[in-house]
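Student: Have a look at this one before I ask anything.
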Amino acid sequence: MKQYFIVIGMAVIMLTAHAQKRTLSLDDCLRMALADNLSLRSGRIAVQRAVDLQGTSFDLDPTSITLAQDPTSGGSPDNAVTVSQNFSLPIVYSRKRRQLKAETQVERNALELTAAEVRREVTLAYQQLVYEHERSVLLHQQDSLYANFRRVALAQNRVGETGRLELINADRLVSENRMAVKKVERDYQVAQLQLMQWLNTDLPIVPADSSLCPLQASFASRYDGTTTPQALYGESKIKASEAALKSVKSEALPTVSLAASTQLVIKGFNPYDIDRSAFDKGNFMGFEVGLNIPLAFGAQRGRVRAAKRDVEMARVDHERQMQTQAATYLVKLNEYDKAKELLDYYDKEAVARADEMRRISQTSYENGAIGYLELMQNMQNYVDTHLARAEAVRDYNKAVTELNYLLGR
């Protein structure tokens, strides 16, 4: 009875999991990933954080309020409340704001670059899932063929029409194909989990496409990546480092200090009994205007030199990235040409030949022109050709996807 309930429970779980699966197209997956992917969520938060930091560009020093009481002095500024404030020159705040805006643009371009990477990875993961599904369908078809072959070989062996060797061969084909079916099912699950991770979902994804279709694309022989997310990100980092350099240079400018004071005599605080009464015409009012000029420039020069190095590094990193992109483009273009040539072979010759071989073999077997063993060999060639064609489409689409990513499409 206990085992009965366990079996029922497992069946309910499997049915529930199956009911919760989502069938999505590639466009559905891309929309879902762009909305829910965790890397993109983090990138959007980083952009908002950079926008928030723009409000710190006008950052004043704390206002100083001082109360001074001199018990030996009368109505003088030594007995006063003073309010003072230090200011930087307007150009300092302006440059700081431009720096923060440039850093915000870096975060925006980083988000666009992450989005391009997510689109590429989701496309590749979806195509891999469809590929594994197509392989599974073909291998299950082949499993049925091998099972029929084994039944015929077993029946013929019982009546002495065939040898033990043919039955052993039939058993081998059945066993090997079923191992291949189990492997492709595991590969399908792995591809499914990878796609789920990019989409940030716990529900298994079932592809809406039952087989891969070649992507339509055309590519130039020369790489132009000036408007790609990678290029824009590198350029924004250069601009941000240049803005930071100007901001650091402005730190060497003098600052302005303003102070205003008013006489305030605390009558209860007079330990020497000195007449500290104010003049009859009112309390003294005073102000101070100062200019704070930095005299030691060693630390400032070091900060400026370091900021210049940041600009140099940003430019070198951008140049290196563009060189890498151009070299990668040529490599991927070569892979695309090879994949397209192979796919054209299957679509123009191999698949049609395999389909025709299958048709002729079935007709010949029904007419008694060939035996079951020869029929099985021809059917195996048919399945192998379609498996190879599916792999060729997968490799071709992968090359197209990689090139589209490099071109910012």
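Note on naming: chains are A, B, ... as they come in the structure tokens, residues start from 1 per chain, ligands start from 1 in the order shown.
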Against range 138-155 of chain A, which residues of range 281-373 of chain A fall within 12 Å? For each one I want the closest pair of atoms and the distance in Å (one decimal), counting only C-alpha atoms, rows by chain and increasing residue number, as JSON lines.
Tutor:
{"residue": "A:Gly371", "atom": "CA", "partner": "A:Val152", "partner_atom": "CA", "distance": 10.8}
{"residue": "A:Tyr372", "atom": "CA", "partner": "A:Phe149", "partner_atom": "CA", "distance": 7.3}
{"residue": "A:Leu373", "atom": "CA", "partner": "A:Phe149", "partner_atom": "CA", "distance": 7.7}
Student: Near range 212-224 of chain A, within 6 Å and counting only C-alpha atoms, which residues show up once chain neighbours fewer than 5 positions away are dropped, as a list in words?
Tutor: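 Counting only the stated atoms, we get Ala326, Val393 and Asn397 of chain A.
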Student: Would you save the residues of that selection, restricted to C-alpha atoms, as a short mmCIF file (atom, residue, chain, number, x, y, z; two decimals), in the first residue's frame?
Tutor:
data_model
loop_
_atom_site.label_atom_id
_atom_site.label_comp_id
_atom_site.auth_asym_id
_atom_site.auth_seq_id
_atom_site.Cartn_x
_atom_site.Cartn_y
_atom_site.Cartn_z
CA ALA A 326 37.92 43.05 -35.50
CA VAL A 393 21.94 24.46 -38.98
CA ASN A 397 22.89 29.90 -36.65
#
Student: Give me, as a tab-separated table, each residue of range 186-266 of chain A that comes within 6 Å of range 99-109 of chain A, together with its shortest interatomic pair and the distance in Å at one decimal, counting only C-alpha atoms, with rows ordered by chain and rising residue number.
Tutor:
residue	atom	partner	partner_atom	distance
A:Tyr233	CA	A:Asn109	CA	5.0
A:Ser236	CA	A:Val106	CA	5.3
A:Lys237	CA	A:Val106	CA	5.9
A:Ala240	CA	A:Ala102	CA	4.7
A:Ala243	CA	A:Gln99	CA	4.8
A:Ala244	CA	A:Gln99	CA	5.5
Student: Output the selection as a PDB file, in the first residue's frame - N, CA and C atoms for each residue.
Tutor:
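The result, written out as part19.pdb:
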ATOM      1  N   TYR A 233      30.609  51.804 -25.380  1.00  0.00           N
ATOM      2  CA  TYR A 233      31.006  51.660 -23.976  1.00  0.00           C
ATOM      3  C   TYR A 233      32.447  52.135 -23.775  1.00  0.00           C
ATOM      4  N   SER A 236      32.622  55.945 -24.056  1.00  0.00           N
ATOM      5  CA  SER A 236      32.075  56.624 -22.872  1.00  0.00           C
ATOM      6  C   SER A 236      33.042  56.555 -21.702  1.00  0.00           C
ATOM      7  N   LYS A 237      33.810  55.473 -21.596  1.00  0.00           N
ATOM      8  CA  LYS A 237      34.809  55.392 -20.529  1.00  0.00           C
ATOM      9  C   LYS A 237      35.930  56.402 -20.748  1.00  0.00           C
ATOM     10  N   ALA A 240      34.510  59.778 -19.752  1.00  0.00           N
ATOM     11  CA  ALA A 240      34.386  59.881 -18.295  1.00  0.00           C
ATOM     12  C   ALA A 240      35.734  60.110 -17.637  1.00  0.00           C
ATOM     13  N   ALA A 243      36.711  63.698 -18.255  1.00  0.00           N
ATOM     14  CA  ALA A 243      35.968  64.595 -17.369  1.00  0.00           C
ATOM     15  C   ALA A 243      36.506  64.519 -15.948  1.00  0.00           C
ATOM     16  N   ALA A 244      36.898  63.317 -15.520  1.00  0.00           N
ATOM     17  CA  ALA A 244      37.478  63.170 -14.183  1.00  0.00           C
ATOM     18  C   ALA A 244      38.810  63.906 -14.079  1.00  0.00           C
TER      19      ALA A 244
END
Student: So the first atom is CA of Thr262 in chain A and the second is CA of Asp59 in chain A; what is the distance between them in Å, to one decimal place?
Tutor: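 Separation between CA of Thr262 in chain A and CA of Asp59 in chain A: 26.9 Å.
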Student: For Leu67 in chain A, which residue out of A:Ala260, A:Leu173, A:Leu34, A:Ala50 is the nearest one, using only C-alpha atoms?
Tutor: A:Ala260
